[in-house]
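Visitor: My structure file my_file.tsv, TSV, C-alpha atoms, is below:
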```
chain	number	residue	atom	x	y	z
W	28	MET	CA	-3.33	-22.38	11.98
W	29	THR	CA	0.42	-22.28	12.51
W	30	ASN	CA	0.47	-18.49	12.76
W	31	ARG	CA	-2.33	-18.52	15.34
W	32	ILE	CA	-0.50	-20.99	17.54
W	33	GLN	CA	2.76	-19.05	17.30
W	34	LEU	CA	0.97	-15.78	18.02
W	35	ARG	CA	-0.45	-17.21	21.25
W	36	LYS	CA	2.89	-18.60	22.32
W	37	GLY	CA	4.67	-15.34	21.54
W	38	CYS	CA	2.16	-13.26	23.46
W	39	ARG	CA	1.63	-15.35	26.56
W	40	PRO	CA	4.60	-14.09	28.59
W	41	SER	CA	3.80	-10.40	28.10
W	42	CYS	CA	0.01	-10.33	27.70
W	43	LYS	CA	-0.67	-11.99	31.06
W	44	HIS	CA	0.45	-8.79	32.78
W	45	SER	CA	-2.13	-6.18	33.66
W	46	ASN	CA	-0.11	-3.36	32.16
W	47	ARG	CA	-1.97	-2.38	28.98
W	48	PHE	CA	1.10	-0.91	27.35
W	49	LEU	CA	2.82	-4.28	27.51
W	50	THR	CA	-0.25	-5.75	25.84
W	51	VAL	CA	0.04	-3.24	23.01
W	52	ALA	CA	3.76	-3.89	22.67
W	53	CYS	CA	3.14	-7.62	22.48
W	54	LEU	CA	0.42	-7.25	19.85
W	55	THR	CA	2.55	-4.87	17.82
W	56	THR	CA	5.73	-6.94	17.80
W	57	THR	CA	3.88	-10.17	17.08
W	58	VAL	CA	1.67	-8.87	14.28
W	59	LEU	CA	4.50	-6.98	12.60
W	60	GLY	CA	6.71	-10.03	12.62
W	61	ILE	CA	9.29	-8.88	15.15
W	62	ALA	CA	8.33	-11.91	17.23
W	63	PRO	CA	10.00	-14.94	15.63
W	64	GLY	CA	7.96	-17.21	13.38
W	65	CYS	CA	5.02	-14.87	12.86
W	66	ASN	CA	4.70	-12.35	10.06
W	67	PRO	CA	1.39	-11.64	8.28
W	68	LEU	CA	3.31	-9.62	5.68
W	69	THR	CA	5.26	-12.60	4.40
W	70	PRO	CA	5.48	-12.30	0.58
W	71	ARG	CA	2.48	-14.07	-0.93
W	72	ARG	CA	0.89	-13.39	-4.31
W	73	ILE	CA	-2.87	-12.95	-4.66
W	74	ASP	CA	-4.41	-15.48	-7.02
W	75	ASN	CA	-6.75	-13.46	-9.23
W	76	SER	CA	-6.85	-15.92	-12.11
W	77	LYS	CA	-10.64	-15.92	-11.82
W	78	GLN	CA	-11.70	-12.29	-11.96
W	79	ILE	CA	-15.16	-10.86	-11.45
W	80	VAL	CA	-15.22	-7.56	-13.36
W	81	ALA	CA	-18.08	-5.43	-14.63
W	82	PRO	CA	-18.01	-5.36	-18.48
W	83	GLU	CA	-19.36	-1.81	-18.34
W	84	LEU	CA	-16.24	-0.66	-16.50
W	85	LEU	CA	-13.98	-2.33	-19.05
W	86	ALA	CA	-15.81	-0.69	-21.93
W	87	ALA	CA	-15.67	2.75	-20.29
W	88	ASN	CA	-12.00	2.57	-19.27
W	89	ASN	CA	-10.46	3.66	-22.59
W	90	VAL	CA	-7.95	5.88	-20.75
W	91	PRO	CA	-6.93	3.89	-17.66
W	92	THR	CA	-4.66	6.58	-16.20
W	93	GLU	CA	-5.44	10.28	-15.98
W	94	ARG	CA	-3.50	13.15	-14.43
W	95	GLY	CA	-4.92	16.30	-12.93
W	96	GLN	CA	-3.84	19.63	-14.33
W	97	PRO	CA	-1.21	21.48	-12.24
W	98	ARG	CA	-2.82	23.72	-9.62
W	99	PRO	CA	0.07	25.31	-7.69
W	100	VAL	CA	-2.03	26.85	-4.91
W	101	ILE	CA	-4.17	23.76	-4.32
W	102	ASP	CA	-1.23	21.37	-4.58
W	103	THR	CA	0.84	23.45	-2.16
W	104	ALA	CA	-2.04	23.45	0.32
W	105	GLY	CA	-2.37	19.70	-0.15
W	106	TRP	CA	1.36	19.29	0.51
W	107	VAL	CA	0.94	21.19	3.79
W	108	PHE	CA	-2.09	19.12	4.84
W	109	GLY	CA	0.04	16.03	4.14
W	110	ILE	CA	2.82	16.98	6.59
W	111	PRO	CA	1.52	14.65	9.37
W	112	SER	CA	1.66	11.71	6.95
W	113	LYS	CA	5.16	12.68	5.84
W	114	ILE	CA	6.26	12.63	9.47
W	115	LEU	CA	4.39	9.40	10.21
W	116	TYR	CA	6.10	7.53	7.36
W	117	TRP	CA	9.31	9.60	7.58
W	118	ASP	CA	9.29	10.27	3.83
W	119	ARG	CA	8.82	13.67	2.21
W	120	ARG	CA	7.39	12.07	-0.95
W	121	VAL	CA	4.24	10.99	0.87
W	122	VAL	CA	1.21	13.07	-0.21
W	123	ASN	CA	3.46	15.50	-2.07
W	124	HIS	CA	0.98	15.87	-4.98
W	125	SER	CA	3.83	15.52	-7.47
W	126	VAL	CA	3.84	11.97	-8.81
W	127	SER	CA	6.80	11.21	-11.07
W	128	PRO	CA	6.57	9.27	-14.36
W	129	GLU	CA	8.71	6.57	-12.72
W	130	THR	CA	6.11	5.93	-10.02
W	131	GLU	CA	3.37	5.96	-12.64
W	132	ALA	CA	5.31	3.41	-14.73
W	133	VAL	CA	5.74	1.04	-11.76
W	134	LEU	CA	2.00	1.23	-11.06
W	135	GLU	CA	1.00	0.71	-14.69
W	136	ASN	CA	3.31	-2.30	-15.01
W	137	TYR	CA	1.68	-3.88	-11.98
W	138	LEU	CA	-1.84	-3.27	-13.29
W	139	GLU	CA	-0.94	-4.66	-16.70
W	140	GLU	CA	0.81	-7.73	-15.28
W	141	ASN	CA	-2.24	-8.52	-13.13
W	142	ASP	CA	-4.79	-7.81	-15.89
W	143	LEU	CA	-6.54	-5.03	-13.94
W	144	LYS	CA	-7.81	-3.27	-17.03
W	145	HIS	CA	-11.03	-2.17	-15.36
W	146	VAL	CA	-9.24	-0.04	-12.74
W	147	LYS	CA	-9.17	3.71	-13.26
W	148	VAL	CA	-6.09	5.54	-11.97
W	149	ARG	CA	-6.47	9.20	-11.04
W	150	ILE	CA	-3.12	10.81	-10.33
W	151	ASN	CA	-3.68	14.01	-8.38
W	152	GLN	CA	-7.05	14.44	-10.08
W	153	TYR	CA	-10.48	15.57	-8.87
W	154	ARG	CA	-13.33	14.07	-10.93
W	155	PRO	CA	-16.25	13.24	-8.59
W	156	TRP	CA	-18.87	13.34	-11.35
W	157	ASP	CA	-16.90	10.82	-13.42
W	158	ASP	CA	-16.52	8.65	-10.33
W	159	MET	CA	-20.29	8.74	-9.81
W	160	ARG	CA	-20.74	7.46	-13.34
W	161	ARG	CA	-18.29	4.66	-12.63
W	162	LEU	CA	-20.27	3.83	-9.51
W	163	THR	CA	-23.41	3.24	-11.57
W	164	LYS	CA	-21.47	0.98	-13.98
W	165	ASN	CA	-19.77	-1.15	-11.35
W	166	ARG	CA	-22.35	-3.94	-11.25
W	167	THR	CA	-19.98	-6.29	-9.46
W	168	VAL	CA	-21.12	-4.38	-6.37
W	169	ALA	CA	-24.76	-5.00	-5.51
W	170	TRP	CA	-26.98	-1.93	-5.92
W	171	PRO	CA	-27.86	-1.62	-2.18
W	172	TRP	CA	-24.14	-1.20	-1.42
W	173	ARG	CA	-23.51	1.03	-4.45
W	174	TYR	CA	-26.22	3.54	-3.62
W	175	SER	CA	-25.61	3.60	0.11
W	176	MET	CA	-21.97	3.27	1.14
W	177	GLY	CA	-20.73	3.67	-2.43
W	178	ALA	CA	-22.61	6.93	-2.94
W	179	ALA	CA	-21.45	8.12	0.49
W	180	SER	CA	-17.82	7.43	-0.45
W	181	VAL	CA	-18.07	9.49	-3.65
W	182	LEU	CA	-19.92	12.25	-1.80
W	183	GLY	CA	-17.17	12.29	0.81
W	184	GLU	CA	-14.52	12.62	-1.90
W	185	THR	CA	-16.58	15.45	-3.41
W	186	ILE	CA	-16.88	17.46	-0.21
W	187	LEU	CA	-13.38	16.67	1.07
W	188	PRO	CA	-11.34	16.33	-2.13
W	189	GLY	CA	-8.32	14.09	-1.82
W	190	ARG	CA	-6.34	16.50	-3.92
W	191	LEU	CA	-6.52	18.92	-1.02
W	192	VAL	CA	-6.97	17.00	2.25
W	193	GLY	CA	-6.99	13.31	1.34
W	194	GLU	CA	-4.47	10.52	0.95
W	195	ASP	CA	-3.81	7.73	-1.52
W	196	HIS	CA	-6.62	5.19	-1.54
W	197	TYR	CA	-8.59	2.69	-3.58
W	198	ASN	CA	-12.36	3.08	-3.82
W	199	PRO	CA	-13.78	-0.41	-4.43
W	200	TYR	CA	-17.24	0.96	-5.20
W	201	THR	CA	-15.95	2.83	-8.24
W	202	ALA	CA	-12.86	0.64	-8.86
W	203	THR	CA	-10.73	3.79	-8.83
W	204	LEU	CA	-7.20	4.39	-7.56
W	205	HIS	CA	-6.49	7.88	-6.22
W	206	ILE	CA	-2.75	8.55	-6.06
W	207	TYR	CA	-1.16	11.66	-4.48
W	208	SER	CA	2.22	10.31	-3.28
W	209	ASP	CA	5.37	9.82	-5.29
W	210	VAL	CA	6.06	6.51	-3.51
W	211	PRO	CA	5.79	3.41	-5.74
W	212	SER	CA	5.17	1.01	-2.85
W	213	ILE	CA	2.17	3.02	-1.66
W	214	ALA	CA	0.66	3.00	-5.15
W	215	LEU	CA	1.32	-0.74	-5.43
W	216	ARG	CA	-0.32	-1.48	-2.08
W	217	HIS	CA	-3.56	0.21	-3.16
W	218	ALA	CA	-3.37	-1.49	-6.55
W	219	ALA	CA	-3.05	-4.80	-4.69
W	220	ARG	CA	-6.31	-4.00	-2.94
W	221	ALA	CA	-7.91	-3.64	-6.38
W	222	LYS	CA	-6.45	-7.03	-7.28
W	223	ASP	CA	-7.87	-8.54	-4.09
W	224	PHE	CA	-11.33	-7.16	-4.82
W	225	SER	CA	-11.26	-8.36	-8.43
W	226	ARG	CA	-11.34	-12.00	-7.28
W	227	THR	CA	-14.12	-11.48	-4.70
W	228	LYS	CA	-17.69	-12.45	-5.52
W	229	TYR	CA	-19.48	-10.23	-2.99
W	230	GLN	CA	-17.43	-7.09	-3.44
W	231	GLY	CA	-19.90	-4.72	-1.79
W	232	THR	CA	-20.01	-6.79	1.39
W	233	TYR	CA	-16.23	-7.21	1.31
W	234	ALA	CA	-15.82	-3.42	1.05
W	235	ALA	CA	-18.33	-2.74	3.81
W	236	LEU	CA	-16.53	-5.10	6.19
W	237	TYR	CA	-13.41	-2.95	5.82
W	238	SER	CA	-15.14	-0.19	7.77
W	239	LEU	CA	-15.47	-2.42	10.84
W	240	PRO	CA	-12.85	-2.46	13.62
W	241	ILE	CA	-9.97	-4.96	13.36
W	242	VAL	CA	-11.14	-6.30	9.95
W	243	PRO	CA	-8.73	-4.03	7.98
W	244	LEU	CA	-5.86	-6.10	9.41
W	245	TYR	CA	-7.03	-8.95	7.20
W	246	HIS	CA	-7.53	-6.85	4.05
W	247	GLU	CA	-4.24	-5.00	4.42
W	248	SER	CA	-2.18	-8.10	5.16
W	249	ILE	CA	-3.36	-9.67	1.89
W	250	ALA	CA	-2.59	-6.57	-0.18
W	251	THR	CA	0.74	-5.86	1.50
W	252	SER	CA	1.90	-9.47	1.22
W	253	ASP	CA	1.18	-9.36	-2.51
W	254	VAL	CA	3.26	-6.20	-2.89
W	255	MET	CA	6.11	-7.75	-0.91
W	256	ALA	CA	6.08	-10.74	-3.28
W	257	TYR	CA	5.91	-8.45	-6.31
W	258	VAL	CA	8.86	-6.24	-5.32
W	259	GLU	CA	10.85	-9.32	-4.32
W	260	SER	CA	10.38	-10.79	-7.80
W	261	SER	CA	11.34	-7.46	-9.38
W	262	GLY	CA	14.95	-7.90	-8.32
W	263	ASP	CA	15.18	-4.21	-7.41
W	264	PRO	CA	16.71	-3.94	-3.91
W	265	GLU	CA	15.85	-0.24	-3.58
W	266	LEU	CA	12.17	-0.93	-4.30
W	267	GLN	CA	12.24	-3.78	-1.79
W	268	LYS	CA	13.75	-1.55	0.90
W	269	GLU	CA	11.23	1.18	0.19
W	270	ALA	CA	8.37	-1.32	0.52
W	271	ASN	CA	9.71	-2.51	3.88
W	272	ASN	CA	10.32	1.01	5.20
W	273	ILE	CA	6.90	2.29	4.16
W	274	LEU	CA	4.47	-0.63	4.27
W	275	TYR	CA	5.47	-2.02	7.66
W	276	PRO	CA	4.65	1.23	9.52
W	277	SER	CA	1.58	1.57	7.30
W	278	TYR	CA	0.38	-1.80	8.53
W	279	GLY	CA	1.29	-0.65	12.02
W	280	THR	CA	-1.39	2.06	11.79
W	281	HIS	CA	-3.99	-0.69	11.38
W	282	VAL	CA	-2.49	-2.69	14.23
W	283	GLY	CA	-2.73	0.37	16.47
W	284	GLY	CA	-6.30	0.95	15.36
W	285	ALA	CA	-7.22	-2.65	16.18
W	286	ALA	CA	-5.62	-2.41	19.62
W	287	GLY	CA	-7.48	0.84	20.26
W	288	ALA	CA	-10.75	-0.81	19.25
W	289	ILE	CA	-10.17	-3.54	21.82
W	290	VAL	CA	-9.07	-1.16	24.61
W	291	PRO	CA	-10.24	2.39	23.67
W	292	VAL	CA	-8.32	4.10	26.47
W	293	ILE	CA	-5.00	3.15	24.85
W	294	THR	CA	-5.93	4.23	21.30
W	295	VAL	CA	-3.34	7.01	20.96
W	296	PRO	CA	-0.34	5.26	22.56
W	297	ALA	CA	-1.24	2.02	20.76
W	298	TYR	CA	-1.27	3.82	17.43
W	299	PHE	CA	2.15	5.41	17.81
W	300	ILE	CA	3.74	2.34	19.41
W	301	SER	CA	2.51	0.23	16.50
W	302	VAL	CA	3.81	2.67	13.90
W	303	ALA	CA	7.18	2.81	15.67
W	304	GLY	CA	7.23	-0.99	15.76
W	305	GLY	CA	6.50	-1.00	12.03
W	306	HIS	CA	9.45	1.30	11.35
W	307	ILE	CA	11.72	-0.95	13.40
W	308	ALA	CA	10.49	-4.14	11.74
W	309	GLY	CA	10.70	-2.67	8.25
W	310	ARG	CA	14.23	-1.38	8.67
W	311	MET	CA	15.38	-4.61	10.26
W	312	LYS	CA	14.10	-6.47	7.23
W	313	SER	CA	15.67	-3.95	4.83
W	314	LYS	CA	19.10	-4.61	6.37
W	315	THR	CA	18.89	-8.22	5.18
W	316	ILE	CA	18.52	-7.18	1.52
W	317	ALA	CA	21.75	-7.39	-0.43
W	318	PRO	CA	22.60	-4.38	-2.59
W	319	GLU	CA	22.43	-4.74	-6.34
W	320	PRO	CA	25.81	-5.89	-7.67
W	321	THR	CA	27.63	-3.23	-9.62
W	322	THR	CA	29.16	-3.95	-13.00
W	323	PRO	CA	32.29	-2.09	-14.10
W	324	ASN	CA	31.83	0.50	-16.79
W	325	GLU	CA	33.32	-0.15	-20.19
W	326	GLU	CA	35.49	2.94	-19.83
W	327	ASP	CA	36.96	1.54	-16.60
W	328	VAL	CA	37.68	-1.89	-18.12
W	329	GLN	CA	39.42	-0.73	-21.28
W	330	PRO	CA	42.24	1.26	-19.59
W	331	ALA	CA	42.92	-1.72	-17.37
W	332	GLN	CA	43.18	-4.02	-20.36
W	333	ALA	CA	45.46	-1.53	-22.09
W	334	ASN	CA	47.78	-1.41	-19.06
W	335	ASP	CA	47.93	-5.20	-18.94
W	336	SER	CA	48.90	-5.36	-22.59
W	337	GLN	CA	51.80	-2.99	-21.98
W	338	THR	CA	53.29	-5.30	-19.36
W	339	LEU	CA	53.31	-8.36	-21.58
W	340	PRO	CA	56.79	-9.56	-22.62
W	341	ARG	CA	57.81	-8.87	-26.21
```
Produce C-alpha cells that represent the structure in this file.
Guide:
Amino acid sequence: MTNRIQLRKGCRPSCKHSNRFLTVACLTTTVLGIAPGCNPLTPRRIDNSKQIVAPELLAANNVPTERGQPRPVIDTAGWVFGIPSKILYWDRRVVNHSVSPETEAVLENYLEENDLKHVKVRINQYRPWDDMRRLTKNRTVAWPWRYSMGAASVLGETILPGRLVGEDHYNPYTATLHIYSDVPSIALRHAARAKDFSRTKYQGTYAALYSLPIVPLYHESIATSDVMAYVESSGDPELQKEANNILYPSYGTHVGGAAGAIVPVITVPAYFISVAGGHIAGRMKSKTIAPEPTTPNEEDVQPAQANDSQTLPR
C-alpha cells in the first residue's frame, strides 16, 4: 500500500502533462526506484519453505546440471545473434555461449541453498526431446496447460534453439533453466523465478499470466528482489555491483514493455528510455557499495616487522 501511494505522489507532477514521453520518463524513474521512496527491486527473499514439486521430476533429475558439447560454428553464430543483448546490457559476457565454472558454481550454490533439486540446468545445451519428457513428468502444472502452452514452449525451443538464437530463460512448464551467458546475476535471476514457481499452487496459470501485458513486472520484481537479497548476503561487492548493473536495466525492459502496452505508439522510445533509466539506477546504487577491504599479504607484513625490530634499542 505504501509503495502505491508513493508512486502516485511521485508521478503526479509529471504525468498530468499531455506529453507522452514525460509519462514514460515518470513511469521509468518511479518503477526503477530513481524516484525517492519507491523501489520494487528492494532486496527481499522469497519464502519457499512450502514447496510444491512433482516427485517424478525429483526422481528423474539425477544429473541436475548438464553442459552442451562445444560446437564452434554454432556457438560463434549464437554469439553474433547475441550482439544486440550485449549492447543492451553493455556487457560482452551476455549470451556469449561460454559459461565459466565460476558462474556455474554460483548458480549451483543458489539452487542447493534454496532446495531446488527438481530444477534441471542446461548450460549451452540443446535437448528438446528430454525437455518434452520433463514436460510430461511435471504434474505440478495441470495437463491442459502442459499440453497447450507447455508443449508450444518446447516446440518453440525446438524450432528456434536457444543455443543459436535464444537467450537465458526459465521454462516453468519443464522446470528447466537454459543458460547461455557467463553472467552470474542473470543465471541467479532465472533461478529465482524457479524458486518463485516452486511455492505456487497453480503453476500453469501463474506461468500463463506471464505472457500477458504488464504482468511480468510483478513476476520479475519478485525474482529480482530475491537475487538482490541473495547477493547482498553473500558479502561479495563485485557480485552486488554486477547485479545492480545488469538486473536494473533488465527490469527496465519490462517497464518499457508495460508502458508500450498502455500506449502502443510509444513502444520503442519507452523501451529504450526504460533501459537507460535502469542503467542509471543500477549504477547509482552500485556507487553506494563499499569495496571489499583488503588485507595485507604476509610477505608485506614480515619485512615491515623486520625493519621495526632493527630500530629497537639494544
Visitor: Please determine, counting all atoms listed in the file, which residue among W:Ala87, W:Ser208, W:Gln267, W:Tyr116 has the shortest atom-to-atom distance to Ile307 of chain W.
Guide: W:Tyr116
Visitor: For Lys144 of chain W, which residue among W:Glu184, W:Glu83, W:Asp74, W:Asp157 is the nearest when counting all atoms listed in the file?
Guide: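 Closest candidate: W:Glu83.
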Visitor: Using all atoms listed in the file, which protein or nucleic acid residues come within 10 Å of segment 249-262 of chain W? Drop anything in the same chain fewer than 3 positions from it, and give the result as number ranges by chain.
Guide: W: 66-74, 137, 212-224, 243-246, 265-271, 274-275, 277-278, 316, 319
Visitor: What is the distance between atom CA of Val292 of chain W and atom CA of Pro276 of chain W, in Å to one decimal?
Guide: 21.5 Å
Visitor: Can you tell me, as a short mmCIF file (atom, residue, chain, number, x, y, z; two decimals) with C-alpha atoms, in the coordinates of the input, what residues are no more than 10 Å from Gly105 of chain W when counting all atoms listed in the file, ignoring any on the same chain fewer than 2 positions away?
Guide:
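The resulting out.cif:
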```
data_model
loop_
_atom_site.label_atom_id
_atom_site.label_comp_id
_atom_site.auth_asym_id
_atom_site.auth_seq_id
_atom_site.Cartn_x
_atom_site.Cartn_y
_atom_site.Cartn_z
CA PRO W 99 0.07 25.31 -7.69
CA VAL W 100 -2.03 26.85 -4.91
CA ILE W 101 -4.17 23.76 -4.32
CA ASP W 102 -1.23 21.37 -4.58
CA THR W 103 0.84 23.45 -2.16
CA VAL W 107 0.94 21.19 3.79
CA PHE W 108 -2.09 19.12 4.84
CA GLY W 109 0.04 16.03 4.14
CA ILE W 110 2.82 16.98 6.59
CA VAL W 122 1.21 13.07 -0.21
CA ASN W 123 3.46 15.50 -2.07
CA HIS W 124 0.98 15.87 -4.98
CA PRO W 188 -11.34 16.33 -2.13
CA GLY W 189 -8.32 14.09 -1.82
CA ARG W 190 -6.34 16.50 -3.92
CA LEU W 191 -6.52 18.92 -1.02
CA VAL W 192 -6.97 17.00 2.25
CA GLY W 193 -6.99 13.31 1.34
CA GLU W 194 -4.47 10.52 0.95
CA TYR W 207 -1.16 11.66 -4.48
#
```
Visitor: Taking into account all atoms listed in the file, which residue in the set W:Pro318, W:His306, W:Trp172, W:Arg94 is nearest to Ile114 of chain W?
Guide: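 Once distances to Ile114 of chain W are computed over all atoms listed in the file, the minimum belongs to W:His306.
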Visitor: Fewer than 2 positions away in the same chain doesn't count, so skip those; otherwise give me all residues within 9 Å of Pro82 of chain W, counting only C-alpha atoms, as a short mmCIF file (atom, residue, chain, number, x, y, z; two decimals) with C-alpha atoms, in the frame of the given file.
Guide:
```
data_model
loop_
_atom_site.label_atom_id
_atom_site.label_comp_id
_atom_site.auth_asym_id
_atom_site.auth_seq_id
_atom_site.Cartn_x
_atom_site.Cartn_y
_atom_site.Cartn_z
CA VAL W 80 -15.22 -7.56 -13.36
CA LEU W 84 -16.24 -0.66 -16.50
CA LEU W 85 -13.98 -2.33 -19.05
CA ALA W 86 -15.81 -0.69 -21.93
CA ALA W 87 -15.67 2.75 -20.29
CA HIS W 145 -11.03 -2.17 -15.36
CA LYS W 164 -21.47 0.98 -13.98
CA ASN W 165 -19.77 -1.15 -11.35
CA ARG W 166 -22.35 -3.94 -11.25
#
```
Visitor: Which neighbours of Thr280 of chain W fall inside 12 Å, counting only C-alpha atoms, when residues of the same chain fewer than 5 positions from it are skipped, and could you give them as a PDB file with C-alpha atoms, in the frame of the given file?
Guide:
```
ATOM      1  CA  THR W  55       2.550  -4.870  17.820  1.00  0.00           C
ATOM      2  CA  VAL W  58       1.670  -8.870  14.280  1.00  0.00           C
ATOM      3  CA  LEU W  59       4.500  -6.980  12.600  1.00  0.00           C
ATOM      4  CA  SER W 112       1.660  11.710   6.950  1.00  0.00           C
ATOM      5  CA  LEU W 115       4.390   9.400  10.210  1.00  0.00           C
ATOM      6  CA  TYR W 116       6.100   7.530   7.360  1.00  0.00           C
ATOM      7  CA  ILE W 241      -9.970  -4.960  13.360  1.00  0.00           C
ATOM      8  CA  PRO W 243      -8.730  -4.030   7.980  1.00  0.00           C
ATOM      9  CA  LEU W 244      -5.860  -6.100   9.410  1.00  0.00           C
ATOM     10  CA  GLU W 247      -4.240  -5.000   4.420  1.00  0.00           C
ATOM     11  CA  ILE W 273       6.900   2.290   4.160  1.00  0.00           C
ATOM     12  CA  LEU W 274       4.470  -0.630   4.270  1.00  0.00           C
ATOM     13  CA  TYR W 275       5.470  -2.020   7.660  1.00  0.00           C
ATOM     14  CA  ALA W 285      -7.220  -2.650  16.180  1.00  0.00           C
ATOM     15  CA  ALA W 286      -5.620  -2.410  19.620  1.00  0.00           C
ATOM     16  CA  GLY W 287      -7.480   0.840  20.260  1.00  0.00           C
ATOM     17  CA  THR W 294      -5.930   4.230  21.300  1.00  0.00           C
ATOM     18  CA  VAL W 295      -3.340   7.010  20.960  1.00  0.00           C
ATOM     19  CA  PRO W 296      -0.340   5.260  22.560  1.00  0.00           C
ATOM     20  CA  ALA W 297      -1.240   2.020  20.760  1.00  0.00           C
ATOM     21  CA  TYR W 298      -1.270   3.820  17.430  1.00  0.00           C
ATOM     22  CA  PHE W 299       2.150   5.410  17.810  1.00  0.00           C
ATOM     23  CA  ILE W 300       3.740   2.340  19.410  1.00  0.00           C
ATOM     24  CA  SER W 301       2.510   0.230  16.500  1.00  0.00           C
ATOM     25  CA  VAL W 302       3.810   2.670  13.900  1.00  0.00           C
ATOM     26  CA  ALA W 303       7.180   2.810  15.670  1.00  0.00           C
ATOM     27  CA  GLY W 304       7.230  -0.990  15.760  1.00  0.00           C
ATOM     28  CA  GLY W 305       6.500  -1.000  12.030  1.00  0.00           C
ATOM     29  CA  HIS W 306       9.450   1.300  11.350  1.00  0.00           C
TER      30      HIS W 306
END
```
Visitor: Between atom CA of His196 of chain W and atom CA of Ser238 of chain W, what distance in Å does the model show, to one decimal?
Guide: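 These atoms are spaced 13.7 Å apart.
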Visitor: I'd like the interatomic distance between atom CA of Gly95 of chain W and atom CA of Ile150 of chain W, to a tenth of an Å.
Guide: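 That distance, rounded to one decimal, is 6.3 Å.
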